[in-house]
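Quick notes on the structure that follows.
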Amino acid sequence: MKISKVILASKSPRRRELLDQIKVEYECIPSTMEEIMEGDTPSEIVCSLSKQKISDVYNKIKDEIKENTLIISADTIVAFGDRILGKPRDEQDALEMLTMLSGKAHQVYTGVSIMYVNNGETRMHTFYECSDVFVSELSRENIIEYIATKEPMDKAGSYGIQGYFAKYVEKIDGDYNNIVGLPISRLYREAKDKFNIEL
């Protein structure tokens with residue numbers, strides 16, 4: 001069944017671009033809740049955050065939701081070993097994060113929750129995707145030059161793979177779109193498998 005309405009519970013321009021790329025028409029209703037980190041592993045944390053976001057948006061609009069509607073929420077984190085790297089507090093924090101990632105592999109996790117409303121029934125499903133990112137050796141000058149672009153300052157792990165930093169990414173193992181912020185192919189498959197709907 002083709003979905004009638006899609007709601008994206010995020011204001012991320014990167015997630016919006018990915019839905020635009022596959023020609024999905026959607027309404028953007030971002031969550032405004034204060035995020036609470038729950039879970040012992042990166043995968044548990046991103047799944048918990050995506051569930052919190054989707055519940056927040058659903059509770060805001062549940063009285064207005066029409067039939068055959070899909071709500072999508074997502075949260076992405078960068079992990080280096082057991083350490084979760086959020087957005088840098090300042091340029092020094094960005095310098096320390098990028099120095100740590102230099103010449104090594106790290107992981108990017110995105111947790112996705114999808115909620116399907118149809119025939120008076122609401123069903124939810126949550127999954128996560130993980131991709132490995134291998135970063136080249138970076139000199140201090142490379143890092144300072146990159147920080148000067150201001151690109152790292154609003155991004156988890158202090159970099160954006162789709163921007164200037166791309167030249168420092170040697171390779172990835174996994175879904176590139178997952179690193180950008182939404183594993184589109186997996187989202188398409190999960191919606192089809194769990195709810196028998198097509199985006």
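Naming works like this for the structure tokens: A, B, ... for the chains as they're shown, residue 1 at the start of each chain, ligands 1 onward in shown order.
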At most 10 Å is the cut-off: for each residue in segment 76-106 of chain A with any atom that close to an atom of segment 134-145 of chain A, write down the nearest atom pair and the distance in Å rounded to one decimal, counting only C-alpha atoms, chain first then increasing number, as JSON lines.
{"residue": "A:Glu91", "atom": "CA", "partner": "A:Ile144", "partner_atom": "CA", "distance": 8.9}
{"residue": "A:Gln92", "atom": "CA", "partner": "A:Ile144", "partner_atom": "CA", "distance": 9.8}
{"residue": "A:Ala94", "atom": "CA", "partner": "A:Ile143", "partner_atom": "CA", "distance": 8.8}
{"residue": "A:Leu95", "atom": "CA", "partner": "A:Ile143", "partner_atom": "CA", "distance": 6.6}
{"residue": "A:Glu96", "atom": "CA", "partner": "A:Ile143", "partner_atom": "CA", "distance": 9.5}
{"residue": "A:Met97", "atom": "CA", "partner": "A:Ile143", "partner_atom": "CA", "distance": 9.9}
{"residue": "A:Leu98", "atom": "CA", "partner": "A:Ile143", "partner_atom": "CA", "distance": 6.8}
{"residue": "A:Thr99", "atom": "CA", "partner": "A:Leu138", "partner_atom": "CA", "distance": 7.3}
{"residue": "A:Met100", "atom": "CA", "partner": "A:Leu138", "partner_atom": "CA", "distance": 9.8}
{"residue": "A:Leu101", "atom": "CA", "partner": "A:Val135", "partner_atom": "CA", "distance": 6.6}
{"residue": "A:Ser102", "atom": "CA", "partner": "A:Glu137", "partner_atom": "CA", "distance": 4.9}
{"residue": "A:Gly103", "atom": "CA", "partner": "A:Glu137", "partner_atom": "CA", "distance": 4.1}
{"residue": "A:Lys104", "atom": "CA", "partner": "A:Val135", "partner_atom": "CA", "distance": 5.7}
{"residue": "A:Ala105", "atom": "CA", "partner": "A:Phe134", "partner_atom": "CA", "distance": 4.3}
{"residue": "A:His106", "atom": "CA", "partner": "A:Phe134", "partner_atom": "CA", "distance": 6.6}
Generate a file of the selected residues that holds all heavy atoms, formatted as a CSV table (one decimal), in the first residue's frame.
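Written out: selection-v4.csv:
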chain,number,residue,atom,x,y,z
A,91,GLU,N,35.6,25.3,19.9
A,91,GLU,CA,36.6,25.0,19.0
A,91,GLU,C,37.7,24.0,19.6
A,91,GLU,O,38.2,23.1,18.9
A,91,GLU,CB,37.3,26.2,18.4
A,91,GLU,CG,36.3,27.0,17.5
A,91,GLU,CD,37.0,28.1,16.7
A,91,GLU,OE1,38.2,28.4,17.0
A,91,GLU,OE2,36.3,28.8,15.9
A,92,GLN,N,38.0,24.2,20.9
A,92,GLN,CA,38.9,23.4,21.5
A,92,GLN,C,38.4,21.9,21.6
A,92,GLN,O,39.1,21.0,21.4
A,92,GLN,CB,39.3,23.9,22.9
A,92,GLN,CG,40.3,23.1,23.7
A,92,GLN,CD,41.6,22.9,23.0
A,92,GLN,OE1,42.1,23.9,22.3
A,92,GLN,NE2,42.3,21.8,23.1
A,94,ALA,N,36.3,20.6,19.6
A,94,ALA,CA,36.3,20.1,18.2
A,94,ALA,C,37.7,19.6,17.9
A,94,ALA,O,37.9,18.5,17.3
A,94,ALA,CB,35.8,21.1,17.2
A,95,LEU,N,38.7,20.4,18.3
A,95,LEU,CA,40.1,20.0,18.0
A,95,LEU,C,40.4,18.7,18.7
A,95,LEU,O,41.1,17.8,18.1
A,95,LEU,CB,41.0,21.1,18.5
A,95,LEU,CG,42.5,20.9,18.4
A,95,LEU,CD1,43.0,20.8,17.0
A,95,LEU,CD2,43.3,22.0,19.2
A,96,GLU,N,40.0,18.5,19.9
A,96,GLU,CA,40.3,17.3,20.6
A,96,GLU,C,39.6,16.1,20.0
A,96,GLU,O,40.2,15.0,19.9
A,96,GLU,CB,39.9,17.4,22.1
A,96,GLU,CG,40.8,18.4,22.9
A,96,GLU,CD,40.2,18.7,24.3
A,96,GLU,OE1,39.2,18.1,24.7
A,96,GLU,OE2,40.8,19.6,24.9
A,97,MET,N,38.4,16.2,19.6
A,97,MET,CA,37.6,15.1,19.0
A,97,MET,C,38.3,14.7,17.6
A,97,MET,O,38.5,13.5,17.4
A,97,MET,CB,36.2,15.6,18.7
A,97,MET,CG,35.3,15.5,19.9
A,97,MET,SD,33.5,15.6,19.3
A,97,MET,CE,32.8,16.6,20.6
A,98,LEU,N,38.6,15.7,16.8
A,98,LEU,CA,39.2,15.4,15.5
A,98,LEU,C,40.6,14.8,15.6
A,98,LEU,O,40.9,13.9,14.8
A,98,LEU,CB,39.2,16.6,14.6
A,98,LEU,CG,37.8,17.1,14.2
A,98,LEU,CD1,37.8,18.5,13.7
A,98,LEU,CD2,37.1,16.2,13.2
A,99,THR,N,41.3,15.2,16.6
A,99,THR,CA,42.6,14.6,16.9
A,99,THR,C,42.5,13.2,17.3
A,99,THR,O,43.2,12.3,16.8
A,99,THR,CB,43.3,15.4,18.0
A,99,THR,OG1,43.5,16.8,17.6
A,99,THR,CG2,44.7,14.8,18.3
A,100,MET,N,41.4,12.9,18.0
A,100,MET,CA,41.2,11.5,18.5
A,100,MET,C,40.8,10.6,17.3
A,100,MET,O,41.2,9.4,17.2
A,100,MET,CB,40.1,11.5,19.5
A,100,MET,CG,39.7,10.2,20.1
A,100,MET,SD,38.7,10.3,21.5
A,100,MET,CE,37.5,11.5,21.1
A,101,LEU,N,40.0,11.2,16.3
A,101,LEU,CA,39.5,10.4,15.2
A,101,LEU,C,40.6,10.2,14.1
A,101,LEU,O,40.5,9.3,13.3
A,101,LEU,CB,38.3,11.1,14.6
A,101,LEU,CG,37.0,11.2,15.5
A,101,LEU,CD1,35.9,11.9,14.7
A,101,LEU,CD2,36.6,9.8,16.0
A,102,SER,N,41.6,11.1,14.1
A,102,SER,CA,42.6,11.0,13.1
A,102,SER,C,43.3,9.7,12.9
A,102,SER,O,43.8,9.1,13.9
A,102,SER,CB,43.7,12.1,13.4
A,102,SER,OG,44.8,12.0,12.6
A,103,GLY,N,43.3,9.1,11.7
A,103,GLY,CA,44.0,7.9,11.4
A,103,GLY,C,43.4,6.7,12.0
A,103,GLY,O,44.0,5.6,11.9
A,104,LYS,N,42.1,6.8,12.4
A,104,LYS,CA,41.5,5.6,13.0
A,104,LYS,C,40.0,5.4,12.5
A,104,LYS,O,39.5,6.3,11.8
A,104,LYS,CB,41.4,5.8,14.6
A,104,LYS,CG,42.7,6.0,15.2
A,104,LYS,CD,42.6,6.1,16.7
A,104,LYS,CE,43.9,6.3,17.4
A,104,LYS,NZ,44.5,7.7,17.1
A,105,ALA,N,39.5,4.3,12.9
A,105,ALA,CA,38.1,4.0,12.5
A,105,ALA,C,37.2,4.3,13.7
A,105,ALA,O,37.6,4.2,14.8
A,105,ALA,CB,37.9,2.6,12.1
A,106,HIS,N,36.0,4.8,13.4
A,106,HIS,CA,35.0,5.0,14.4
A,106,HIS,C,33.6,4.6,13.8
A,106,HIS,O,33.5,4.3,12.7
A,106,HIS,CB,35.0,6.4,14.9
A,106,HIS,CG,34.6,7.4,13.9
A,106,HIS,ND1,35.4,8.0,13.0
A,106,HIS,CD2,33.3,8.0,13.6
A,106,HIS,CE1,34.8,8.8,12.2
A,106,HIS,NE2,33.5,8.8,12.5
- Task: Would you list the contacts of segment 153-165 of chain A as a VMD selection string, taking every protein, DNA or RNA residue within 6 Å and counting only C-alpha atoms, but skipping same-chain residues closer than 4 positions in sequence?
- Result: chain A and resid 78 85 to 88 94
Next, the residues of the selection above should be written as a PDB file, in the first residue's frame with C-alpha atoms.
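What follows is the written file again_3.pdb:
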ATOM      1  CA  VAL A  78      29.188   9.190  16.633  1.00  0.00           C
ATOM      2  CA  LEU A  85      30.940  12.115  20.652  1.00  0.00           C
ATOM      3  CA  GLY A  86      28.251  14.757  20.574  1.00  0.00           C
ATOM      4  CA  LYS A  87      28.385  18.222  19.061  1.00  0.00           C
ATOM      5  CA  PRO A  88      31.499  20.120  20.161  1.00  0.00           C
ATOM      6  CA  ALA A  94      36.301  20.064  18.204  1.00  0.00           C
TER       7      ALA A  94
END
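Within the 12 Å cut-off around Ser43 of chain A, using only C-alpha atoms and omitting residues fewer than 3 positions from it on the same chain, the listed residues are Met37, Glu38, Gly39, Asp40, Val46, Cys47, Ser48, Leu49, Ser50, Asp75, Thr76, Ile77, Val78, Ala79, Asp82, Ile84, Gln107, Val108, Tyr109, Thr110, Gly111, Val112, Thr126, Phe127, Tyr128, Glu129, Cys130 and Ser131 of chain A.
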- Within segment 6-184 of chain A, find each residue whose DSSP state, derived from the backbone, is helix (DSSP H, G or I), and express the selection as a VMD selection string. chain A and resid 13 to 21 42 to 61 91 to 101 140 to 147 151 to 154 156 to 158 164 to 168 176 to 180 184
Could you make a table, as a tab-separated table, of the residues of segment 57-99 of chain A that have an atom within 9 Å of an atom of segment 5-11 of chain A, each with its nearest atom pair and distance in Å to one decimal, counting only C-alpha atoms, in chain and number order?
residue	atom	partner	partner_atom	distance
A:Val57	CA	A:Ala9	CA	6.4
A:Tyr58	CA	A:Ala9	CA	9.0
A:Lys66	CA	A:Lys5	CA	8.1
A:Glu67	CA	A:Lys5	CA	8.4
A:Asn68	CA	A:Lys5	CA	6.7
A:Thr69	CA	A:Lys5	CA	4.7
A:Leu70	CA	A:Val6	CA	4.9
A:Ile71	CA	A:Ile7	CA	4.6
A:Ile72	CA	A:Leu8	CA	5.0
A:Ser73	CA	A:Ala9	CA	4.9
A:Ala74	CA	A:Ser10	CA	7.3
A:Asp75	CA	A:Ser10	CA	8.9
Any chance you can output those residues with N, CA and C atoms as a PDB file, in the first residue's frame?
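Final output, out.pdb:
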ATOM      1  N   VAL A  57       6.215  13.796  19.364  1.00  0.00           N
ATOM      2  CA  VAL A  57       5.473  14.331  18.223  1.00  0.00           C
ATOM      3  C   VAL A  57       4.082  13.706  18.129  1.00  0.00           C
ATOM      4  N   TYR A  58       3.992  12.393  18.340  1.00  0.00           N
ATOM      5  CA  TYR A  58       2.685  11.723  18.276  1.00  0.00           C
ATOM      6  C   TYR A  58       1.721  12.313  19.308  1.00  0.00           C
ATOM      7  N   LYS A  66      -4.537  11.679  10.416  1.00  0.00           N
ATOM      8  CA  LYS A  66      -5.451  10.986   9.507  1.00  0.00           C
ATOM      9  C   LYS A  66      -5.003   9.528   9.350  1.00  0.00           C
ATOM     10  N   GLU A  67      -5.835   8.752   8.717  1.00  0.00           N
ATOM     11  CA  GLU A  67      -5.522   7.349   8.449  1.00  0.00           C
ATOM     12  C   GLU A  67      -4.350   7.228   7.465  1.00  0.00           C
ATOM     13  N   ASN A  68      -3.701   6.050   7.493  1.00  0.00           N
ATOM     14  CA  ASN A  68      -2.613   5.723   6.563  1.00  0.00           C
ATOM     15  C   ASN A  68      -1.486   6.768   6.623  1.00  0.00           C
ATOM     16  N   THR A  69      -1.063   7.059   7.868  1.00  0.00           N
ATOM     17  CA  THR A  69      -0.016   8.051   8.119  1.00  0.00           C
ATOM     18  C   THR A  69       1.199   7.384   8.754  1.00  0.00           C
ATOM     19  N   LEU A  70       2.378   7.773   8.303  1.00  0.00           N
ATOM     20  CA  LEU A  70       3.623   7.269   8.871  1.00  0.00           C
ATOM     21  C   LEU A  70       4.415   8.429   9.479  1.00  0.00           C
ATOM     22  N   ILE A  71       4.811   8.262  10.738  1.00  0.00           N
ATOM     23  CA  ILE A  71       5.686   9.233  11.404  1.00  0.00           C
ATOM     24  C   ILE A  71       7.087   8.620  11.472  1.00  0.00           C
ATOM     25  N   ILE A  72       8.089   9.420  11.160  1.00  0.00           N
ATOM     26  CA  ILE A  72       9.491   8.957  11.165  1.00  0.00           C
ATOM     27  C   ILE A  72      10.292   9.850  12.101  1.00  0.00           C
ATOM     28  N   SER A  73      11.041   9.231  13.008  1.00  0.00           N
ATOM     29  CA  SER A  73      11.984   9.996  13.829  1.00  0.00           C
ATOM     30  C   SER A  73      13.338   9.300  13.779  1.00  0.00           C
ATOM     31  N   ALA A  74      14.392  10.062  14.008  1.00  0.00           N
ATOM     32  CA  ALA A  74      15.739   9.489  13.956  1.00  0.00           C
ATOM     33  C   ALA A  74      16.683  10.269  14.862  1.00  0.00           C
ATOM     34  N   ASP A  75      17.706   9.582  15.329  1.00  0.00           N
ATOM     35  CA  ASP A  75      18.765  10.239  16.095  1.00  0.00           C
ATOM     36  C   ASP A  75      20.087   9.587  15.720  1.00  0.00           C
TER      37      ASP A  75
END
- Task: Give the answer as one residue: which of A:Glu27, A:Ser4, A:Glu121, A:Asp132 has the shortest atom-to-atom distance to Glu170 of chain A, using only C-alpha atoms?
- Result: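 Distance minimum relative to Glu170 of chain A lands on A:Asp132.
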- Query: Between A:Ser55, A:Tyr146, A:Leu182, A:Met1, which is the closest to Glu17 of chain A once you count only C-alpha atoms?
  - Reply: A:Leu182
- Message: When DSSP is applied to the backbone of this structure, which of segment 21-138 of chain A are assigned strand (DSSP E or B)? Write them out as number ranges by chain.
- Response: A: 27-28, 69-80, 83-85, 105-118, 121-135
